[in-house]
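See structure below.
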Amino acid sequence: MEIDIKSAHGLIPAIIQDSETKNVLMLGYMNEESLQKTIETQKVTFFSRSKQRLWTKGEESGNFLNLVSIKNDCDGDTLLIQAKPVGPTCHTGADTCWQEPNDANYGFISELENTIKTRRENADSEKSYVASLFEKGINKIAQKVGEEAVEVVIEAKDDNDDLFLSESADLLFHYLILLQAKGYQLNDVIDVLKKRQK
């Protein structure tokens with residue numbers, strides 16, 4: 001790995017990212033010695049500018065950052081370190097140094113899950129299709145998932161890609177509703193898939 005520490009006055013920024021959630025946890029600085037120690041111990045170690053010494057994250061709190069990978073940027077002057085955090089990363093007790101929870105986020109799918117949750121909580125079944133489904137109960141929601149699954153299978157056998165994708169979207173949407181009706185979210189299903197991974 002080509003890292004240009006000398007041209008960066010002996011220190012380079014190291015962005016720490018959770019290897020699973022992909023959230024940015026913190027930013028620290030490394031010199032050659034702290035980088036070597038990180039690689040040797042598999043625990044992320046920085047050069048503390050305030051203490052003027054090497055500092056292994058978690059050396060006092062026990063909230064270590066266990067090394068997963070190190071990548072260098074295109075200019076060779078910034079590191080992206082993926083790690084598995086043991087406990088909160090920030091000294092304030094927060095998951096990240098930006099005071100954000102280190103939850104998995106699936107972009108638009110997570111937004112859609114939040115919309116479904118809001119519609120369910122507002123429970124205006126006259127204006128909201130989602131609220132009306134929740135009002136009808138689990139049997140109706142499960143039935144809708146079954147209907148959409150059959151339609152996906154039918155469209156998969158035809159050659160109309162637009163209809164196949166449309167029915168697939170309907171199936172995913174209703175499945176997300178069913179998950180919430182059962183008290184779960186997509187992340188719970190992903191956890192099961194991760195446990196099955198070999």
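Going through the structure tokens in order, the chains are called A, B, and so on, while each chain numbers its residues from 1 and the ligands are numbered from 1 in the order shown.
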With a distance cut-off of 8 Å and only C-alpha atoms, select the neighbouring residues of stretch 93-105 of chain A, excluding the residue or stretch itself and same-chain residues fewer than 6 positions from it, and output the selection as a ChimeraX atom specification. /A:20-26,87,187
Pick out the residues sitting within 8 Å of A:Leu67, and hand them over as JSON, numbers by chain; count only C-alpha atoms, and ignore anything fewer than 4 positions along from it in its own chain. {"A": [38, 39, 42, 43, 44, 81, 82, 83, 84]}
Selected residues, C-alpha atoms, written as a PDB file, in the first residue's frame, please.
```
ATOM      1  CA  THR A  38      -3.025  -1.104  13.725  1.00  0.00           C
ATOM      2  CA  ILE A  39      -1.947  -3.789  11.267  1.00  0.00           C
ATOM      3  CA  GLN A  42      -5.764  -5.588  14.456  1.00  0.00           C
ATOM      4  CA  LYS A  43      -7.025  -2.764  16.700  1.00  0.00           C
ATOM      5  CA  VAL A  44      -7.305   0.702  15.171  1.00  0.00           C
ATOM      6  CA  ILE A  81     -10.495   1.903   7.519  1.00  0.00           C
ATOM      7  CA  GLN A  82     -13.335  -0.541   7.894  1.00  0.00           C
ATOM      8  CA  ALA A  83     -13.730  -1.857  11.413  1.00  0.00           C
ATOM      9  CA  LYS A  84     -16.102  -3.667  13.736  1.00  0.00           C
TER      10      LYS A  84
END
```
Near-A:Ile12 list (7 Å; only C-alpha atoms; drop same-chain fewer than 5 positions) as a PyMOL selection string: chain A and resi 5+29-31+77-78
Okay, now the selection with all heavy atoms, as a CSV table (one decimal), in the first residue's frame?
```csv
chain,number,residue,atom,x,y,z
A,5,ILE,N,2.8,9.6,3.7
A,5,ILE,CA,2.7,10.2,5.0
A,5,ILE,C,3.7,11.4,5.1
A,5,ILE,O,3.4,12.4,5.7
A,5,ILE,CB,3.0,9.2,6.2
A,5,ILE,CG1,1.8,8.2,6.2
A,5,ILE,CG2,3.1,9.9,7.5
A,5,ILE,CD1,1.9,7.1,7.2
A,29,TYR,N,-6.2,10.6,13.0
A,29,TYR,CA,-5.0,10.8,12.3
A,29,TYR,C,-4.0,9.7,12.6
A,29,TYR,O,-3.9,9.2,13.7
A,29,TYR,CB,-4.4,12.2,12.6
A,29,TYR,CG,-5.2,13.3,12.0
A,29,TYR,CD1,-6.3,13.8,12.7
A,29,TYR,CD2,-5.0,13.7,10.7
A,29,TYR,CE1,-7.1,14.8,12.1
A,29,TYR,CE2,-5.8,14.7,10.1
A,29,TYR,CZ,-6.8,15.3,10.9
A,29,TYR,OH,-7.6,16.2,10.3
A,30,MET,N,-3.3,9.3,11.6
A,30,MET,CA,-2.3,8.2,11.7
A,30,MET,C,-0.9,8.7,11.2
A,30,MET,O,-0.8,9.5,10.3
A,30,MET,CB,-2.7,7.0,11.0
A,30,MET,CG,-3.9,6.2,11.5
A,30,MET,SD,-4.1,4.7,10.6
A,30,MET,CE,-5.1,3.8,11.9
A,31,ASN,N,0.1,8.2,11.9
A,31,ASN,CA,1.5,8.3,11.3
A,31,ASN,C,1.9,6.8,11.0
A,31,ASN,O,1.1,5.9,11.1
A,31,ASN,CB,2.4,9.0,12.3
A,31,ASN,CG,2.5,8.2,13.6
A,31,ASN,OD1,2.1,7.1,13.8
A,31,ASN,ND2,3.1,8.9,14.6
A,77,ASP,N,-3.1,9.8,0.2
A,77,ASP,CA,-2.9,10.6,1.4
A,77,ASP,C,-4.1,10.6,2.4
A,77,ASP,O,-4.2,11.4,3.3
A,77,ASP,CB,-2.6,12.1,1.0
A,77,ASP,CG,-3.8,12.7,0.2
A,77,ASP,OD1,-4.8,12.1,0.0
A,77,ASP,OD2,-3.6,13.9,-0.2
A,78,THR,N,-5.0,9.6,2.2
A,78,THR,CA,-6.1,9.4,3.2
A,78,THR,C,-6.5,8.0,3.2
A,78,THR,O,-6.5,7.3,2.2
A,78,THR,CB,-7.4,10.2,2.7
A,78,THR,OG1,-7.1,11.6,2.6
A,78,THR,CG2,-8.5,10.1,3.7
```
Write down as number ranges by chain the residues belonging to stretch 48-170 of chain A that are assigned alpha helix (DSSP H) by DSSP computed on the backbone. A: 108-122, 129-136, 138-157, 161-170
Would you put the residues from that selection into a file with N, CA and C atoms, as a short mmCIF file (atom, residue, chain, number, x, y, z; two decimals), in the first residue's frame?
```cif
data_model
loop_
_atom_site.label_atom_id
_atom_site.label_comp_id
_atom_site.auth_asym_id
_atom_site.auth_seq_id
_atom_site.Cartn_x
_atom_site.Cartn_y
_atom_site.Cartn_z
N PHE A 108 -33.51 4.03 0.06
CA PHE A 108 -34.93 4.22 -0.23
C PHE A 108 -35.80 3.20 0.50
N ILE A 109 -35.31 1.97 0.64
CA ILE A 109 -36.10 0.92 1.31
C ILE A 109 -36.33 1.32 2.77
N SER A 110 -35.32 1.85 3.43
CA SER A 110 -35.49 2.30 4.82
C SER A 110 -36.48 3.46 4.89
N GLU A 111 -36.42 4.38 3.90
CA GLU A 111 -37.39 5.48 3.86
C GLU A 111 -38.80 4.94 3.68
N LEU A 112 -38.94 3.94 2.82
CA LEU A 112 -40.25 3.34 2.59
C LEU A 112 -40.78 2.66 3.86
N GLU A 113 -39.90 1.97 4.58
CA GLU A 113 -40.30 1.36 5.85
C GLU A 113 -40.80 2.43 6.83
N ASN A 114 -40.11 3.58 6.86
CA ASN A 114 -40.54 4.67 7.75
C ASN A 114 -41.89 5.24 7.32
N THR A 115 -42.12 5.34 6.01
CA THR A 115 -43.41 5.82 5.50
C THR A 115 -44.53 4.87 5.91
N ILE A 116 -44.28 3.57 5.76
CA ILE A 116 -45.28 2.56 6.16
C ILE A 116 -45.59 2.70 7.65
N LYS A 117 -44.55 2.86 8.45
CA LYS A 117 -44.72 3.01 9.91
C LYS A 117 -45.56 4.24 10.24
N THR A 118 -45.25 5.36 9.56
CA THR A 118 -45.99 6.61 9.79
C THR A 118 -47.46 6.46 9.41
N ARG A 119 -47.69 5.85 8.26
CA ARG A 119 -49.08 5.67 7.81
C ARG A 119 -49.85 4.76 8.77
N ARG A 120 -49.17 3.76 9.28
CA ARG A 120 -49.82 2.86 10.25
C ARG A 120 -50.16 3.61 11.53
N GLU A 121 -49.21 4.41 12.01
CA GLU A 121 -49.42 5.15 13.26
C GLU A 121 -50.50 6.21 13.13
N ASN A 122 -50.57 6.85 11.96
CA ASN A 122 -51.60 7.88 11.75
C ASN A 122 -52.98 7.27 11.57
N TYR A 129 -53.95 3.89 1.85
CA TYR A 129 -54.08 2.47 1.51
C TYR A 129 -53.39 1.61 2.56
N VAL A 130 -52.19 2.04 3.00
CA VAL A 130 -51.42 1.29 4.00
C VAL A 130 -52.21 1.18 5.30
N ALA A 131 -52.75 2.31 5.77
CA ALA A 131 -53.53 2.30 7.02
C ALA A 131 -54.75 1.40 6.89
N SER A 132 -55.38 1.40 5.71
CA SER A 132 -56.56 0.55 5.51
C SER A 132 -56.21 -0.92 5.56
N LEU A 133 -55.02 -1.28 5.05
CA LEU A 133 -54.58 -2.68 5.13
C LEU A 133 -54.35 -3.10 6.58
N PHE A 134 -53.68 -2.25 7.34
CA PHE A 134 -53.44 -2.57 8.75
C PHE A 134 -54.77 -2.71 9.50
N GLU A 135 -55.72 -1.87 9.14
CA GLU A 135 -57.03 -1.93 9.79
C GLU A 135 -57.74 -3.26 9.51
N LYS A 136 -57.53 -3.81 8.31
CA LYS A 136 -58.17 -5.08 7.93
C LYS A 136 -57.52 -6.28 8.60
N ILE A 138 -53.98 -8.87 9.86
CA ILE A 138 -52.88 -9.68 9.35
C ILE A 138 -53.30 -10.63 8.23
N ASN A 139 -54.50 -11.19 8.33
CA ASN A 139 -54.94 -12.12 7.30
C ASN A 139 -55.03 -11.46 5.93
N LYS A 140 -55.58 -10.25 5.88
CA LYS A 140 -55.71 -9.52 4.62
C LYS A 140 -54.34 -9.14 4.08
N ILE A 141 -53.45 -8.71 4.97
CA ILE A 141 -52.10 -8.33 4.53
C ILE A 141 -51.37 -9.55 3.96
N ALA A 142 -51.46 -10.68 4.65
CA ALA A 142 -50.81 -11.91 4.18
C ALA A 142 -51.41 -12.36 2.85
N GLN A 143 -52.71 -12.21 2.72
CA GLN A 143 -53.39 -12.56 1.47
C GLN A 143 -52.86 -11.71 0.31
N LYS A 144 -52.67 -10.41 0.56
CA LYS A 144 -52.15 -9.51 -0.48
C LYS A 144 -50.74 -9.92 -0.91
N VAL A 145 -49.91 -10.33 0.06
CA VAL A 145 -48.56 -10.78 -0.28
C VAL A 145 -48.63 -12.01 -1.16
N GLY A 146 -49.53 -12.94 -0.82
CA GLY A 146 -49.71 -14.14 -1.62
C GLY A 146 -50.17 -13.82 -3.04
N GLU A 147 -51.13 -12.90 -3.16
CA GLU A 147 -51.63 -12.50 -4.48
C GLU A 147 -50.51 -11.89 -5.32
N GLU A 148 -49.74 -10.99 -4.69
CA GLU A 148 -48.66 -10.33 -5.43
C GLU A 148 -47.57 -11.33 -5.83
N ALA A 149 -47.30 -12.31 -4.97
CA ALA A 149 -46.29 -13.32 -5.30
C ALA A 149 -46.72 -14.14 -6.52
N VAL A 150 -47.99 -14.51 -6.57
CA VAL A 150 -48.51 -15.25 -7.72
C VAL A 150 -48.39 -14.41 -9.00
N GLU A 151 -48.70 -13.12 -8.90
CA GLU A 151 -48.61 -12.25 -10.06
C GLU A 151 -47.16 -12.10 -10.54
N VAL A 152 -46.21 -12.08 -9.62
CA VAL A 152 -44.80 -12.03 -10.00
C VAL A 152 -44.42 -13.29 -10.77
N VAL A 153 -44.86 -14.45 -10.28
CA VAL A 153 -44.56 -15.72 -10.95
C VAL A 153 -45.16 -15.73 -12.36
N ILE A 154 -46.40 -15.27 -12.50
CA ILE A 154 -47.05 -15.24 -13.81
C ILE A 154 -46.28 -14.33 -14.77
N GLU A 155 -45.93 -13.14 -14.29
CA GLU A 155 -45.22 -12.19 -15.17
C GLU A 155 -43.79 -12.65 -15.47
N ALA A 156 -43.19 -13.44 -14.59
CA ALA A 156 -41.84 -13.95 -14.84
C ALA A 156 -41.83 -14.89 -16.04
N LYS A 157 -42.96 -15.53 -16.32
CA LYS A 157 -43.04 -16.48 -17.43
C LYS A 157 -43.33 -15.78 -18.76
N ASP A 161 -41.21 -7.09 -19.47
CA ASP A 161 -40.35 -6.72 -18.35
C ASP A 161 -40.97 -5.64 -17.47
N ASP A 162 -41.70 -4.70 -18.09
CA ASP A 162 -42.33 -3.62 -17.31
C ASP A 162 -43.34 -4.19 -16.32
N LEU A 163 -44.17 -5.13 -16.79
CA LEU A 163 -45.16 -5.74 -15.89
C LEU A 163 -44.48 -6.57 -14.80
N PHE A 164 -43.42 -7.30 -15.17
CA PHE A 164 -42.69 -8.09 -14.18
C PHE A 164 -42.13 -7.20 -13.07
N LEU A 165 -41.50 -6.09 -13.47
CA LEU A 165 -40.92 -5.18 -12.48
C LEU A 165 -42.00 -4.51 -11.64
N SER A 166 -43.12 -4.15 -12.26
CA SER A 166 -44.22 -3.53 -11.53
C SER A 166 -44.78 -4.48 -10.47
N GLU A 167 -45.00 -5.73 -10.86
CA GLU A 167 -45.52 -6.72 -9.91
C GLU A 167 -44.49 -7.02 -8.82
N SER A 168 -43.21 -7.00 -9.18
CA SER A 168 -42.14 -7.21 -8.19
C SER A 168 -42.14 -6.09 -7.16
N ALA A 169 -42.35 -4.86 -7.62
CA ALA A 169 -42.43 -3.71 -6.71
C ALA A 169 -43.63 -3.87 -5.77
N ASP A 170 -44.77 -4.31 -6.33
CA ASP A 170 -45.96 -4.53 -5.50
C ASP A 170 -45.71 -5.58 -4.43
#
```
Give me the residues near A:Phe46 as JSON, numbers by chain, where near means some atom within 8 Å (using only C-alpha atoms) and where sequence neighbours in that chain fewer than 3 positions away do not count. {"A": [28, 29, 30, 31, 34, 35, 54, 55, 56, 57]}
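Among the candidates A:Tyr184, A:Ser61, A:Lys194, A:Thr41, the one nearest to A:Thr89 when counting only C-alpha atoms is A:Ser61.
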If I take atom CA of A:Thr45 and atom CA of A:Ala14, how far is one from the other in Å, to one decimal?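 Atom-to-atom, atom CA of A:Thr45 to atom CA of A:Ala14, that is 10.1 Å.
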Suppose you want the space between atom CA of A:Lys195 and atom CA of A:Leu80; what is it in Å?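 Atom CA of A:Lys195 sits 26.4 Å away from atom CA of A:Leu80.
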I need the residues in stretch 66-172 of chain A that are strand (DSSP E or B) according to DSSP; give them as a list in words. Asn66, Leu67, Val68, Ser69, Ile70, Lys71, Asn72, Leu79, Leu80, Ile81, Gln82, Ala83, Lys84 and Pro85 of chain A
